[in-house]
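> To start, I am sharing the structure in question, which I have written as structure tokens.
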Amino acid sequence: MNAFGNLGFPVSYLVIAGGGGAGRIYGGGGGSGGYRTNAGTSGGGASAEDFFGLTPGVYSLIVGAGGAGATTATSGVNGSNSVFASVTSVAGGGGGGNNGSAPPFAGGSGGGRSGSGSGGAGTDSQGFAGGNASASQGAGGGGAGEAGSTDGLGHGGDGVSSSITGSAVTRGGGGAGWGSAASGVAGDGGGGANGVAGTVNTGGGGGADIVAGNSGSGGSGVVILSLPTQATATFSAGVTQTSAIVGSNRVYTVTATSTTDETVTIS
């Protein structure tokens, strides 16, 4: 037993999945990756998740990749999930394409609609839906902090700010849509502008093409862990991470995992 008792070391976390890629031909923006945290506001308008304690042991660790943007008249591709121990954040949904014949996808946050209809659904307590659209329109992808097109048709939904690293950073923005000769706007927090990829390690959705260009891919996710300095975290060989002391904790920012079998050992 450590000094924190049977509940183990208290761990604060921020786990964001990879964002979705945008669609092509009046494309919808990609949705942001699911956003889960117990150290502040979670995605989808949810409050902080519950206390999380880990006893010494080996735990799964995956940073989800962003989904590919469309290069033909199709939808964008969903991103990949991010995982820390029992916490899984759902990949962002790909944006719709081809003026409505290629639908948007559900995800952590949903992809924006291309053509008439509804955006892809978000996941409860992780993100919001993609925006709705009409003919010859491309809606913004959903963000962790608001639905796609909340601030205008082609606007990606904004993300959520977290201070888990010691300073406030917004992540989980939806990608811009495109339609009817009107460019979109990237969602705050790493969403991609028109034809631009979401920002790496934010889970931002990709931005849709300008009518016929290639669309942006989603940004990769991130896993951030904050543990008391009495704890030690050791990572498997395929993990890329940095760490810093913040108050009485050490904060580990994991930016990449080379396989789906990577781990962190807490002792």
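Each chain of the structure tokens is named A, B, ... in the order shown, its residues numbered from 1; ligands are numbered from 1 in display order.
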Mind running stretch 213-259 of chain A against stretch 69-72 of chain A at 8 Å and telling me each contacting residue's nearest atom pair with the distance in Å (one decimal), counting only C-alpha atoms, chain and number ascending, as a Markdown table?


| residue | atom | partner | partner_atom | distance |
| --- | --- | --- | --- | --- |
| A:Gly213 | CA | A:Thr71 | CA | 7.6 |
| A:Asn214 | CA | A:Thr71 | CA | 4.8 |
| A:Ser215 | CA | A:Gly69 | CA | 4.9 |
| A:Gly216 | CA | A:Gly69 | CA | 4.8 |
| A:Ser217 | CA | A:Gly69 | CA | 4.2 |
| A:Gly218 | CA | A:Gly69 | CA | 7.2 |

> At a cut-off of 7 Å, using only C-alpha atoms, what residues contact A:Gly110? Leave out same-chain residues fewer than 6 positions from it and give the result as a PyMOL selection string.

chain A and resi 31+92-93+119-122+128-130+141-142

> So which residues touch A:Gly152 within 10 Å, counting only C-alpha atoms, skipping near sequence neighbours fewer than 6 positions away, as a list of chain:residue names?

A:Gly131, A:Ala139, A:Gly140, A:Gly184, A:Val185

> Restricting the calculation to only C-alpha atoms: of A:Leu227, A:Val169, A:Ala212, A:Ala176, which residue gets closest to A:Gly143?

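Using only C-alpha atoms, A:Gly143 sits closest to A:Ala176.
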
> Using only C-alpha atoms, determine which residues lie at most 10 Å from A:His155, disregarding the query and same-chain residues fewer than 5 positions distant; provide the list as JSON, numbers by chain.

{"A": [28, 29, 112, 131, 138, 139, 140, 141, 142, 147, 148, 149, 150, 174, 175, 176, 177, 178, 183, 184, 185, 186, 187, 188, 191, 193, 207]}

> Point out the residue among A:Ala65, A:Ala48, A:Ala22, A:Leu54 with the least atom-to-atom distance to A:Val77, counting only C-alpha atoms.

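For A:Val77, the nearest of the given residues is A:Ala22.
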
> In Å, rounded to a single decimal, give me how far atom CA of A:Asn78 is from atom CA of A:Gln241.

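Separating atom CA of A:Gln241 from atom CA of A:Asn78 is a distance of 24.4 Å.
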
> Write out as a ChimeraX atom specification each polymer residue whose atoms come within 7 Å of A:Tyr35, counting only C-alpha atoms; drop sequence neighbours fewer than 6 positions from it.

/A:15-17,42-43,89,126-127,144,172

> Would you export the selected residues with C-alpha atoms as a PDB file, in the first residue's frame, please?


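The result, stored in out_6.pdb:
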ATOM      1  CA  VAL A  15      -7.886  11.645 -23.015  1.00  0.00           C
ATOM      2  CA  ILE A  16      -8.715  12.905 -26.528  1.00  0.00           C
ATOM      3  CA  ALA A  17      -9.234  10.662 -29.556  1.00  0.00           C
ATOM      4  CA  SER A  42     -15.533  17.131 -20.319  1.00  0.00           C
ATOM      5  CA  GLY A  43     -16.794  17.113 -23.894  1.00  0.00           C
ATOM      6  CA  SER A  89     -12.363   8.312 -25.926  1.00  0.00           C
ATOM      7  CA  GLN A 126     -17.544  13.340 -25.100  1.00  0.00           C
ATOM      8  CA  GLY A 127     -18.621  15.667 -27.911  1.00  0.00           C
ATOM      9  CA  ALA A 144     -16.011  18.934 -27.928  1.00  0.00           C
ATOM     10  CA  GLY A 172     -11.143  19.305 -29.608  1.00  0.00           C
TER      11      GLY A 172
END

> Please report as CSV every residue of stretch 65-148 of chain A lying within 12 Å of stretch 254-260 of chain A, along with the nearest atom pair and their distance in Å (one decimal), using only C-alpha atoms.


residue,atom,partner,partner_atom,distance
A:Ala65,CA,A:Ala256,CA,8.5
A:Gly66,CA,A:Ala256,CA,11.5
A:Ser80,CA,A:Thr260,CA,10.6
A:Asn81,CA,A:Thr260,CA,10.1
A:Ser82,CA,A:Thr260,CA,9.6
A:Val83,CA,A:Thr260,CA,9.3
A:Phe84,CA,A:Val254,CA,10.4

> Excluding same-chain residues fewer than 3 positions from A:Gly19, what lies within 7 Å of it counting only C-alpha atoms, as a PDB file with N, CA and C atoms, in the first residue's frame?


ATOM      1  N   GLY A  30     -14.758  17.509 -40.510  1.00  0.00           N
ATOM      2  CA  GLY A  30     -14.606  16.360 -39.626  1.00  0.00           C
ATOM      3  C   GLY A  30     -14.920  16.725 -38.183  1.00  0.00           C
ATOM      4  N   GLY A  31     -15.471  15.758 -37.452  1.00  0.00           N
ATOM      5  CA  GLY A  31     -15.756  15.963 -36.039  1.00  0.00           C
ATOM      6  C   GLY A  31     -14.521  15.755 -35.191  1.00  0.00           C
ATOM      7  N   SER A  32     -14.469  16.433 -34.060  1.00  0.00           N
ATOM      8  CA  SER A  32     -13.332  16.263 -33.159  1.00  0.00           C
ATOM      9  C   SER A  32     -13.387  14.911 -32.461  1.00  0.00           C
ATOM     10  N   GLY A  33     -12.229  14.460 -32.012  1.00  0.00           N
ATOM     11  CA  GLY A  33     -12.178  13.243 -31.226  1.00  0.00           C
ATOM     12  C   GLY A  33     -12.850  13.428 -29.874  1.00  0.00           C
ATOM     13  N   GLY A  66      -5.535  10.628 -36.420  1.00  0.00           N
ATOM     14  CA  GLY A  66      -6.617  11.291 -37.128  1.00  0.00           C
ATOM     15  C   GLY A  66      -7.032  10.507 -38.359  1.00  0.00           C
ATOM     16  N   GLY A  67      -8.316  10.650 -38.741  1.00  0.00           N
ATOM     17  CA  GLY A  67      -8.819   9.989 -39.942  1.00  0.00           C
ATOM     18  C   GLY A  67      -8.459  10.757 -41.201  1.00  0.00           C
ATOM     19  N   GLY A  79     -11.533   9.043 -37.185  1.00  0.00           N
ATOM     20  CA  GLY A  79     -10.246   8.885 -36.533  1.00  0.00           C
ATOM     21  C   GLY A  79     -10.168   7.572 -35.784  1.00  0.00           C
ATOM     22  N   ALA A  91     -13.337   7.974 -31.373  1.00  0.00           N
ATOM     23  CA  ALA A  91     -12.808   8.687 -32.529  1.00  0.00           C
ATOM     24  C   ALA A  91     -13.815   9.676 -33.102  1.00  0.00           C
ATOM     25  N   GLY A  92     -13.293  10.782 -33.634  1.00  0.00           N
ATOM     26  CA  GLY A  92     -14.142  11.763 -34.305  1.00  0.00           C
ATOM     27  C   GLY A  92     -14.722  11.223 -35.599  1.00  0.00           C
ATOM     28  N   GLY A 203      -6.922  16.451 -31.375  1.00  0.00           N
ATOM     29  CA  GLY A 203      -8.120  15.755 -31.817  1.00  0.00           C
ATOM     30  C   GLY A 203      -9.002  16.582 -32.717  1.00  0.00           C
ATOM     31  N   GLY A 204      -8.476  17.661 -33.289  1.00  0.00           N
ATOM     32  CA  GLY A 204      -9.274  18.535 -34.145  1.00  0.00           C
ATOM     33  C   GLY A 204      -9.712  17.858 -35.432  1.00  0.00           C
ATOM     34  N   GLY A 205     -10.942  18.170 -35.889  1.00  0.00           N
ATOM     35  CA  GLY A 205     -11.436  17.637 -37.150  1.00  0.00           C
ATOM     36  C   GLY A 205     -10.800  18.313 -38.342  1.00  0.00           C
ATOM     37  N   GLY A 218      -8.030  14.513 -40.012  1.00  0.00           N
ATOM     38  CA  GLY A 218      -8.178  14.871 -38.617  1.00  0.00           C
ATOM     39  C   GLY A 218      -6.838  14.926 -37.908  1.00  0.00           C
ATOM     40  N   GLY A 219      -6.787  15.695 -36.833  1.00  0.00           N
ATOM     41  CA  GLY A 219      -5.586  15.763 -36.014  1.00  0.00           C
ATOM     42  C   GLY A 219      -5.514  14.592 -35.049  1.00  0.00           C
ATOM     43  N   SER A 220      -4.312  14.166 -34.728  1.00  0.00           N
ATOM     44  CA  SER A 220      -4.137  13.077 -33.767  1.00  0.00           C
ATOM     45  C   SER A 220      -4.606  13.519 -32.385  1.00  0.00           C
TER      46      SER A 220
END

> Taking the chain letters and numbering used in this document, name the residues of stretch 29-193 of chain A that DSSP puts in strand (DSSP E or B), as a ChimeraX atom specification.

/A:35-37,53-54,57-62,82-84,87-89,97,102,114,117,133,138,155,160-162,169-171,179,182,185

> Write to file, as a short mmCIF file (atom, residue, chain, number, x, y, z; two decimals), in the first residue's frame, the residues of the selection just made, with N, CA and C atoms.


data_model
loop_
_atom_site.label_atom_id
_atom_site.label_comp_id
_atom_site.auth_asym_id
_atom_site.auth_seq_id
_atom_site.Cartn_x
_atom_site.Cartn_y
_atom_site.Cartn_z
N TYR A 35 -13.63 13.70 -26.01
CA TYR A 35 -12.87 14.48 -25.04
C TYR A 35 -13.34 14.08 -23.65
N ARG A 36 -12.48 13.39 -22.89
CA ARG A 36 -12.83 12.93 -21.55
C ARG A 36 -11.78 13.39 -20.54
N THR A 37 -12.25 13.91 -19.40
CA THR A 37 -11.32 14.36 -18.36
C THR A 37 -12.01 14.34 -17.00
N GLY A 53 -8.42 6.46 -9.18
CA GLY A 53 -7.25 6.00 -8.47
C GLY A 53 -6.69 4.73 -9.08
N LEU A 54 -5.39 4.66 -9.20
CA LEU A 54 -4.75 3.48 -9.78
C LEU A 54 -3.73 2.91 -8.80
N GLY A 57 0.72 -0.96 -11.15
CA GLY A 57 0.44 -1.97 -12.16
C GLY A 57 0.70 -1.44 -13.55
N VAL A 58 0.31 -2.25 -14.55
CA VAL A 58 0.54 -1.95 -15.97
C VAL A 58 -0.81 -1.64 -16.62
N TYR A 59 -0.86 -0.53 -17.36
CA TYR A 59 -2.12 -0.06 -17.92
C TYR A 59 -1.97 0.26 -19.41
N SER A 60 -3.04 0.02 -20.16
CA SER A 60 -3.05 0.28 -21.60
C SER A 60 -2.94 1.77 -21.90
N LEU A 61 -2.33 2.07 -23.05
CA LEU A 61 -2.13 3.45 -23.45
C LEU A 61 -2.11 3.53 -24.98
N ILE A 62 -3.06 4.27 -25.55
CA ILE A 62 -3.12 4.44 -27.00
C ILE A 62 -3.45 5.90 -27.30
N SER A 82 -8.63 6.84 -28.52
CA SER A 82 -7.53 6.94 -27.57
C SER A 82 -7.93 6.24 -26.27
N VAL A 83 -6.94 5.62 -25.60
CA VAL A 83 -7.22 4.80 -24.42
C VAL A 83 -6.18 5.06 -23.34
N PHE A 84 -6.66 5.20 -22.11
CA PHE A 84 -5.80 5.14 -20.93
C PHE A 84 -6.51 4.28 -19.89
N VAL A 87 -10.31 4.13 -19.48
CA VAL A 87 -10.91 5.32 -20.11
C VAL A 87 -10.68 5.26 -21.62
N THR A 88 -11.77 5.22 -22.39
CA THR A 88 -11.68 5.22 -23.85
C THR A 88 -12.42 6.42 -24.40
N SER A 89 -11.74 7.21 -25.21
CA SER A 89 -12.36 8.31 -25.93
C SER A 89 -12.61 7.88 -27.36
N GLY A 97 -19.84 13.99 -47.82
CA GLY A 97 -19.34 14.49 -49.09
C GLY A 97 -20.30 14.31 -50.24
N ALA A 102 -22.87 11.05 -49.88
CA ALA A 102 -21.95 10.38 -48.95
C ALA A 102 -22.20 10.96 -47.56
N SER A 114 -22.94 17.11 -45.63
CA SER A 114 -22.82 17.63 -46.98
C SER A 114 -24.19 17.48 -47.64
N GLY A 117 -29.73 17.44 -44.91
CA GLY A 117 -29.83 16.44 -43.86
C GLY A 117 -29.10 16.83 -42.60
N ALA A 133 -27.18 20.67 -42.88
CA ALA A 133 -26.99 21.47 -44.09
C ALA A 133 -28.13 21.23 -45.08
N GLY A 138 -21.95 22.63 -47.09
CA GLY A 138 -21.15 21.75 -46.25
C GLY A 138 -21.07 22.34 -44.86
N HIS A 155 -19.02 26.69 -39.95
CA HIS A 155 -18.13 26.82 -38.79
C HIS A 155 -18.02 25.50 -38.03
N VAL A 160 -12.84 22.56 -25.99
CA VAL A 160 -12.93 22.79 -24.55
C VAL A 160 -11.53 23.11 -24.02
N SER A 161 -11.46 24.07 -23.10
CA SER A 161 -10.19 24.46 -22.50
C SER A 161 -9.88 23.59 -21.28
N SER A 162 -8.61 23.24 -21.11
CA SER A 162 -8.14 22.50 -19.96
C SER A 162 -6.85 23.12 -19.44
N VAL A 169 -5.30 25.47 -22.29
CA VAL A 169 -5.17 25.13 -23.71
C VAL A 169 -6.51 24.57 -24.19
N THR A 170 -7.00 25.08 -25.32
CA THR A 170 -8.25 24.59 -25.90
C THR A 170 -7.93 23.52 -26.95
N ARG A 171 -8.64 22.41 -26.85
CA ARG A 171 -8.47 21.29 -27.78
C ARG A 171 -9.85 20.77 -28.18
N GLY A 179 -19.48 25.31 -48.64
CA GLY A 179 -20.62 25.20 -49.53
C GLY A 179 -21.12 26.53 -50.02
N ALA A 182 -19.23 29.84 -50.04
CA ALA A 182 -18.91 30.47 -48.76
C ALA A 182 -17.95 29.58 -48.00
N VAL A 185 -15.14 28.13 -41.25
CA VAL A 185 -14.23 28.61 -40.22
C VAL A 185 -13.89 27.44 -39.31
#

> Rank nothing, just name the residue among A:Thr240, A:Ser86, A:Ser109, A:Asn38 nearest to A:Gly21, using only C-alpha atoms.

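Nearest candidate to A:Gly21 out of A:Thr240, A:Ser86, A:Ser109, A:Asn38: A:Ser109.
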
> So which one's closest to A:Asn249, A:Asn201, A:Ser12, A:Asn194, A:Thr265? Using only C-alpha atoms, please.

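Between A:Asn201, A:Ser12, A:Asn194, A:Thr265, the residue approaching A:Asn249 most closely is A:Ser12.
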
> Can you tell me which residues surround A:Gly100 at a distance of at most 9 Å, considering only C-alpha atoms, apart from same-chain residues fewer than 3 positions away, and format the answer as a list in words?

Tyr26, Gly27, Gly96, Gly97, Pro103, Pro104, Arg113, Ser114, Gly115, Ser116, Gly117, Ser134, Ala135, Ser136, Gln137 and Gly138 of chain A

> Please produce an output containing N, CA and C atoms for each residue in the selection, written as a PDB file, in the first residue's frame.


ATOM      1  N   TYR A  26     -18.586  19.917 -51.755  1.00  0.00           N
ATOM      2  CA  TYR A  26     -19.475  20.538 -50.756  1.00  0.00           C
ATOM      3  C   TYR A  26     -19.375  19.764 -49.452  1.00  0.00           C
ATOM      4  N   GLY A  27     -18.168  19.530 -49.017  1.00  0.00           N
ATOM      5  CA  GLY A  27     -17.905  18.617 -47.908  1.00  0.00           C
ATOM      6  C   GLY A  27     -18.225  19.200 -46.547  1.00  0.00           C
ATOM      7  N   GLY A  96     -19.381  14.439 -44.180  1.00  0.00           N
ATOM      8  CA  GLY A  96     -20.049  13.953 -45.387  1.00  0.00           C
ATOM      9  C   GLY A  96     -19.511  14.598 -46.653  1.00  0.00           C
ATOM     10  N   GLY A  97     -19.842  13.986 -47.817  1.00  0.00           N
ATOM     11  CA  GLY A  97     -19.337  14.486 -49.086  1.00  0.00           C
ATOM     12  C   GLY A  97     -20.297  14.305 -50.237  1.00  0.00           C
ATOM     13  N   PRO A 103     -22.754  10.172 -46.645  1.00  0.00           N
ATOM     14  CA  PRO A 103     -23.199  10.724 -45.363  1.00  0.00           C
ATOM     15  C   PRO A 103     -22.056  11.004 -44.409  1.00  0.00           C
ATOM     16  N   PRO A 104     -22.302  11.879 -43.419  1.00  0.00           N
ATOM     17  CA  PRO A 104     -21.336  12.063 -42.338  1.00  0.00           C
ATOM     18  C   PRO A 104     -21.438  10.900 -41.362  1.00  0.00           C
ATOM     19  N   ARG A 113     -22.582  17.677 -42.100  1.00  0.00           N
ATOM     20  CA  ARG A 113     -23.357  17.206 -43.247  1.00  0.00           C
ATOM     21  C   ARG A 113     -22.904  17.866 -44.537  1.00  0.00           C
ATOM     22  N   SER A 114     -22.942  17.106 -45.626  1.00  0.00           N
ATOM     23  CA  SER A 114     -22.820  17.633 -46.979  1.00  0.00           C
ATOM     24  C   SER A 114     -24.185  17.484 -47.637  1.00  0.00           C
ATOM     25  N   GLY A 115     -24.736  18.590 -48.183  1.00  0.00           N
ATOM     26  CA  GLY A 115     -26.059  18.498 -48.767  1.00  0.00           C
ATOM     27  C   GLY A 115     -27.133  18.388 -47.700  1.00  0.00           C
ATOM     28  N   SER A 116     -28.360  18.107 -48.120  1.00  0.00           N
ATOM     29  CA  SER A 116     -29.505  18.176 -47.208  1.00  0.00           C
ATOM     30  C   SER A 116     -29.492  17.066 -46.173  1.00  0.00           C
ATOM     31  N   GLY A 117     -29.726  17.444 -44.908  1.00  0.00           N
ATOM     32  CA  GLY A 117     -29.833  16.441 -43.861  1.00  0.00           C
ATOM     33  C   GLY A 117     -29.096  16.828 -42.602  1.00  0.00           C
ATOM     34  N   SER A 134     -28.159  22.073 -46.098  1.00  0.00           N
ATOM     35  CA  SER A 134     -29.085  21.929 -47.219  1.00  0.00           C
ATOM     36  C   SER A 134     -28.272  21.715 -48.491  1.00  0.00           C
ATOM     37  N   ALA A 135     -28.958  21.645 -49.641  1.00  0.00           N
ATOM     38  CA  ALA A 135     -28.281  21.361 -50.904  1.00  0.00           C
ATOM     39  C   ALA A 135     -27.148  22.345 -51.176  1.00  0.00           C
ATOM     40  N   SER A 136     -26.062  21.832 -51.731  1.00  0.00           N
ATOM     41  CA  SER A 136     -24.875  22.611 -52.090  1.00  0.00           C
ATOM     42  C   SER A 136     -24.278  23.342 -50.896  1.00  0.00           C
ATOM     43  N   GLN A 137     -24.352  22.688 -49.731  1.00  0.00           N
ATOM     44  CA  GLN A 137     -23.766  23.245 -48.519  1.00  0.00           C
ATOM     45  C   GLN A 137     -22.941  22.183 -47.814  1.00  0.00           C
ATOM     46  N   GLY A 138     -21.945  22.634 -47.089  1.00  0.00           N
ATOM     47  CA  GLY A 138     -21.153  21.754 -46.252  1.00  0.00           C
ATOM     48  C   GLY A 138     -21.073  22.336 -44.855  1.00  0.00           C
TER      49      GLY A 138
END

> Just checking: using only C-alpha atoms, which residue out of A:Ser163, A:Thr263, A:Ser236, A:Gln230 ends up closest to A:Ser248?

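Using only C-alpha atoms, the shortest distance to A:Ser248 belongs to A:Gln230.
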
> Compare A:Thr55, A:Thr229, A:Asn99, A:Thr202 by their minimum atom-to-atom distance to A:Asp158, counting only C-alpha atoms, and give me the closest one.

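Of all the options, A:Thr202 lies closest to A:Asp158.
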
> May I ask for the distance between atom CA of A:Ala46 and atom CA of A:Thr123, given in Å to one decimal place?

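Atom CA of A:Thr123 lies 11.0 Å from atom CA of A:Ala46.
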
> Would you compute the distance between atom CA of A:Thr41 and atom CA of A:Ala168? Give it in Å to one decimal.

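Computed distance, atom CA of A:Thr41 to atom CA of A:Ala168, equals 12.2 Å.
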